[in-house]
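Peer 1: Just dropping this structure here.
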Amino acid sequence: MRQQDKSGQAAGADGPPDDLDLAILGGIRDLFAAADPMPADLPERIRFALALRDLEVEVARLAARESQPVLSSRGAEQSRTITFDSESLTIMIRIDSNGDGTVRVDGWLAPPQRREIEMRTAAAPLTVVADDHGRFAFAIVPQGIAQLVVHPARPDPGGSGRSVVTPALVL
Amino acid sequence: MDGRGSVTTRAQPPERAAHIADLVGAARDGSQDALGQIVAELSPLLWQVARAAGLSTSDAEDVVQTAWLRLVSHLGGIHTSAALTAWLVTTTKREAWRVRAAGRKQLPVDDSWLTAMPDQAPGSEAQAIIDDDRRRLWSALGKLPSRCRELLRIIAFVPRPDYQAVADELGIPRGSVGPTRGRCLAKLRCLLEVDDAAGSKR
């Protein structure tokens with residue numbers, strides 16, 4: 001009786017998978033790959049985000065994301081606000097369209113501090129410095145993939161000496 | 001995270017494992033190309049880990065990226081393919097829990113995907129048999145306890161030599177009552193056999 005064979009097998013169920021197990025796992029893989037596939041451009045975004053010169057970085061996680069309609073001379077548009085949290089910093093950015101294929105990014109660091117901030121894009125990176133209130137702005141950023149890198153403070157007494165990096169975003 | 005480097009697996013086909021270990025070494029030395037190859041190899045698995053945890057697609061994208069960014073500063077302690085896969089799966093899982101705990105938009109973990117099985121267009125007889133197998137597997141998965149289903153969904157995407165390391169990371173320790181890869185597969189095989197028996201009576 002097959003049912004009994006089954007329970008006999010279940011006793012040693014943590015052994016290596018047999019051929020039927022492997023065939024079933026292959027079937028499960030095919031099902032989920034079809035029903036819930038990874039977005040095709042995700043690996044490219046990940047590779048972009050990982051192309052950092054630095055290997056010792058502090059990762060800022062995406063903590064909140066909002067968009068609200070804004071009325072402008074060009075009609076209704078979306079303004080997006082994104083908050084990232086890392087161990088030492090909170091970074092908040094607001095993204096508004098310039099209406100010409102570029103966006104403006106206004107940002108705040110908390111706690112407020114003067115830091116060099118780099119916006120990596122598919123083109124050349126842009127660099128600004130946050131003021132003593134932690135405010136910074138990139139007036140013209142090409143639309144597309146981008147990542148923020150907050151460089152270590154200089155001098156950096158008691159700091160970690162590491163850059164804070166965000167995931168890659170699509171602006 | 002210490003000790004991950006010593007994770008061992010049975011029956012590790014040496015070529016793939018050695019290749020991945022080489023890529024990890026090259027990535028540690030700063031090779032973007034090596035890191036890119038690892039990303040291509042393991043991201044589909046991490047996507048399923050995040051989605052199995054009930055995250056929306058945009059949260060899953062963030063969480064998978066975060067896991068990779070975190071890997072960059074941990075490469076120094078990772079030396080084998082199995083250790084790399086296990087570290088990434090565990091980190092993605094933790095990051096997913098973190099997002100869920102923060103109460104961001106989330107989907108119910110269960111059942112949402114059960115309706116997603118697409119109806120196949122009618123095709124050849126051979127295609128009809130394949131479609132029938134897929135439907136039976138889908139329906140048997142739907143009858144599994146959700147923790148078993150999530151475990152098998154993840155294990156199915158793990159490169160074969162790394163099964164044991166990842167199963168050890170995700171499963172409840174041996175000897176306790178809880179879902180393990182072996183137990184969940186045995187349950188699924190029972191369900192498929194019952195379905196088979198019912199089918200042959202028809």
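Following the order of the structure tokens, chains are lettered A, B, ..., residues in each are numbered from 1, and ligands are numbered from 1.
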Up to 7 Å from chain A, what residues of chain B turn up? Count only C-alpha atoms and give them as a ChimeraX atom specification.
Peer 2: /B:32,36,39-40,43-44,47,62,65-66,69-70,72-73,116-117,153,156-157,181-183,185-186
Peer 1: Keeping only N, CA and C atoms, write those residues as an mmCIF file, in the first residue's frame.
Peer 2:
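And here is the file that came out, selection_26.cif:
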```cif
data_model
loop_
_atom_site.group_PDB
_atom_site.id
_atom_site.type_symbol
_atom_site.label_atom_id
_atom_site.label_comp_id
_atom_site.auth_asym_id
_atom_site.auth_seq_id
_atom_site.Cartn_x
_atom_site.Cartn_y
_atom_site.Cartn_z
ATOM 1 N N GLN B 32 32.920 44.329 -10.122
ATOM 2 C CA GLN B 32 31.489 44.594 -10.316
ATOM 3 C C GLN B 32 30.866 43.506 -11.168
ATOM 4 N N GLY B 36 27.739 41.277 -10.240
ATOM 5 C CA GLY B 36 26.601 41.280 -11.155
ATOM 6 C C GLY B 36 26.140 39.879 -11.504
ATOM 7 N N VAL B 39 24.256 38.528 -8.590
ATOM 8 C CA VAL B 39 22.936 39.164 -8.535
ATOM 9 C C VAL B 39 21.973 38.469 -9.503
ATOM 10 N N ALA B 40 22.452 38.210 -10.734
ATOM 11 C CA ALA B 40 21.590 37.566 -11.724
ATOM 12 C C ALA B 40 21.197 36.160 -11.270
ATOM 13 N N SER B 43 18.893 36.662 -7.475
ATOM 14 C CA SER B 43 17.774 37.588 -7.237
ATOM 15 C C SER B 43 16.386 36.946 -7.403
ATOM 16 N N PRO B 44 16.179 36.046 -8.394
ATOM 17 C CA PRO B 44 14.852 35.437 -8.508
ATOM 18 C C PRO B 44 14.445 34.693 -7.230
ATOM 19 N N TRP B 47 13.470 37.341 -4.598
ATOM 20 C CA TRP B 47 12.147 37.883 -4.936
ATOM 21 C C TRP B 47 11.054 36.986 -4.352
ATOM 22 N N ASP B 62 12.183 46.774 -2.896
ATOM 23 C CA ASP B 62 13.045 47.483 -1.944
ATOM 24 C C ASP B 62 13.814 46.516 -1.058
ATOM 25 N N GLN B 65 16.634 44.703 -2.830
ATOM 26 C CA GLN B 65 17.769 45.627 -3.001
ATOM 27 C C GLN B 65 18.518 45.836 -1.702
ATOM 28 N N THR B 66 17.762 46.030 -0.614
ATOM 29 C CA THR B 66 18.396 46.266 0.688
ATOM 30 C C THR B 66 19.269 45.078 1.087
ATOM 31 N N LEU B 69 22.464 45.326 -0.811
ATOM 32 C CA LEU B 69 23.319 46.412 -0.317
ATOM 33 C C LEU B 69 23.978 46.013 1.004
ATOM 34 N N ARG B 70 23.216 45.304 1.839
ATOM 35 C CA ARG B 70 23.789 44.869 3.118
ATOM 36 C C ARG B 70 24.873 43.820 2.908
ATOM 37 N N VAL B 72 27.119 43.761 0.727
ATOM 38 C CA VAL B 72 28.401 44.366 0.361
ATOM 39 C C VAL B 72 29.358 44.450 1.559
ATOM 40 N N SER B 73 28.835 44.857 2.724
ATOM 41 C CA SER B 73 29.762 44.956 3.861
ATOM 42 C C SER B 73 29.925 43.628 4.614
ATOM 43 N N ALA B 116 -4.408 33.025 -8.867
ATOM 44 C CA ALA B 116 -3.607 33.559 -9.968
ATOM 45 C C ALA B 116 -3.260 32.529 -11.034
ATOM 46 N N MET B 117 -3.555 31.244 -10.769
ATOM 47 C CA MET B 117 -3.211 30.204 -11.736
ATOM 48 C C MET B 117 -3.912 30.493 -13.047
ATOM 49 N N ARG B 153 8.014 27.022 -1.584
ATOM 50 C CA ARG B 153 8.134 28.060 -2.618
ATOM 51 C C ARG B 153 9.559 28.605 -2.643
ATOM 52 N N ALA B 156 12.213 25.809 -3.675
ATOM 53 C CA ALA B 156 12.150 25.481 -5.105
ATOM 54 C C ALA B 156 13.068 26.376 -5.944
ATOM 55 N N PHE B 157 13.390 27.565 -5.419
ATOM 56 C CA PHE B 157 14.239 28.499 -6.169
ATOM 57 C C PHE B 157 15.706 28.445 -5.722
ATOM 58 N N ARG B 181 11.666 20.948 5.108
ATOM 59 C CA ARG B 181 11.550 20.663 3.693
ATOM 60 C C ARG B 181 11.036 19.249 3.465
ATOM 61 N N GLY B 182 11.651 18.284 4.195
ATOM 62 C CA GLY B 182 11.286 16.884 4.009
ATOM 63 C C GLY B 182 9.828 16.619 4.373
ATOM 64 N N ARG B 183 9.409 17.167 5.512
ATOM 65 C CA ARG B 183 8.042 16.928 5.960
ATOM 66 C C ARG B 183 7.033 17.576 5.008
ATOM 67 N N LEU B 185 7.435 18.291 1.848
ATOM 68 C CA LEU B 185 7.404 17.563 0.573
ATOM 69 C C LEU B 185 6.627 16.259 0.725
ATOM 70 N N ALA B 186 6.813 15.576 1.844
ATOM 71 C CA ALA B 186 6.092 14.317 2.065
ATOM 72 C C ALA B 186 4.586 14.586 2.072
#
```
Peer 1: Might you pull out every residue within 8 Å of Glu169 (chain B), with only C-alpha atoms counted and same-chain residues fewer than 2 positions away left off, and present them as a list of chain:residue names?
Peer 2: B:Ala86, B:Thr90, B:Ala165, B:Val166, B:Ala167, B:Gly171
Peer 1: Give me a file of those residues, with C-alpha atoms, as a PDB file, in the first residue's frame.
Peer 2:
```pdb
ATOM      1  CA  ALA B  86      21.753  31.120   3.227  1.00  0.00           C
ATOM      2  CA  THR B  90      17.909  35.000   5.911  1.00  0.00           C
ATOM      3  CA  ALA B 165      21.998  25.045   4.101  1.00  0.00           C
ATOM      4  CA  VAL B 166      18.906  27.100   3.301  1.00  0.00           C
ATOM      5  CA  ALA B 167      16.511  24.490   4.667  1.00  0.00           C
ATOM      6  CA  GLY B 171      13.286  25.173   8.921  1.00  0.00           C
TER       7      GLY B 171
END
```
Peer 1: When DSSP works through the backbone of this structure, what residues of chain A end up as strand (DSSP E or B), shown as number ranges by chain?
Peer 2: A: 57-59, 61-72, 75-85, 90-97, 102-110, 116-121, 126-129, 135-142, 145-150, 163-165, 169-170
Peer 1: Find the residues around Ile140 (chain A) up to 9 Å (only C-alpha atoms counted), leave out those fewer than 5 positions away in its own chain, and share them as JSON, numbers by chain.
Peer 2: {"A": [98, 102, 103, 104, 105]}
Peer 1: Given the selection you just returned, output its residues as a file containing C-alpha atoms, formatted as a tab-separated table (two decimals), in the first residue's frame.
Peer 2:
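File written: result.tsv
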```
chain	number	residue	atom	x	y	z
A	98	ASN	CA	10.50	70.12	-13.89
A	102	THR	CA	14.12	66.28	-15.50
A	103	VAL	CA	13.13	66.41	-11.85
A	104	ARG	CA	13.99	68.58	-8.87
A	105	VAL	CA	14.94	66.81	-5.64
```
Peer 1: Skip Glu118 (chain A) itself and residues of its chain fewer than 6 positions away, then list as number ranges by chain all residues within 8 Å of it, counting only C-alpha atoms.
Peer 2: A: 125-128, 148-151
Peer 1: Taking the chain letters and numbering used in this document, name the residues of chain A that DSSP puts in alpha helix (DSSP H), as an MDAnalysis selection string.
Peer 2: chainID A and resid 2:11 19:35 42:50
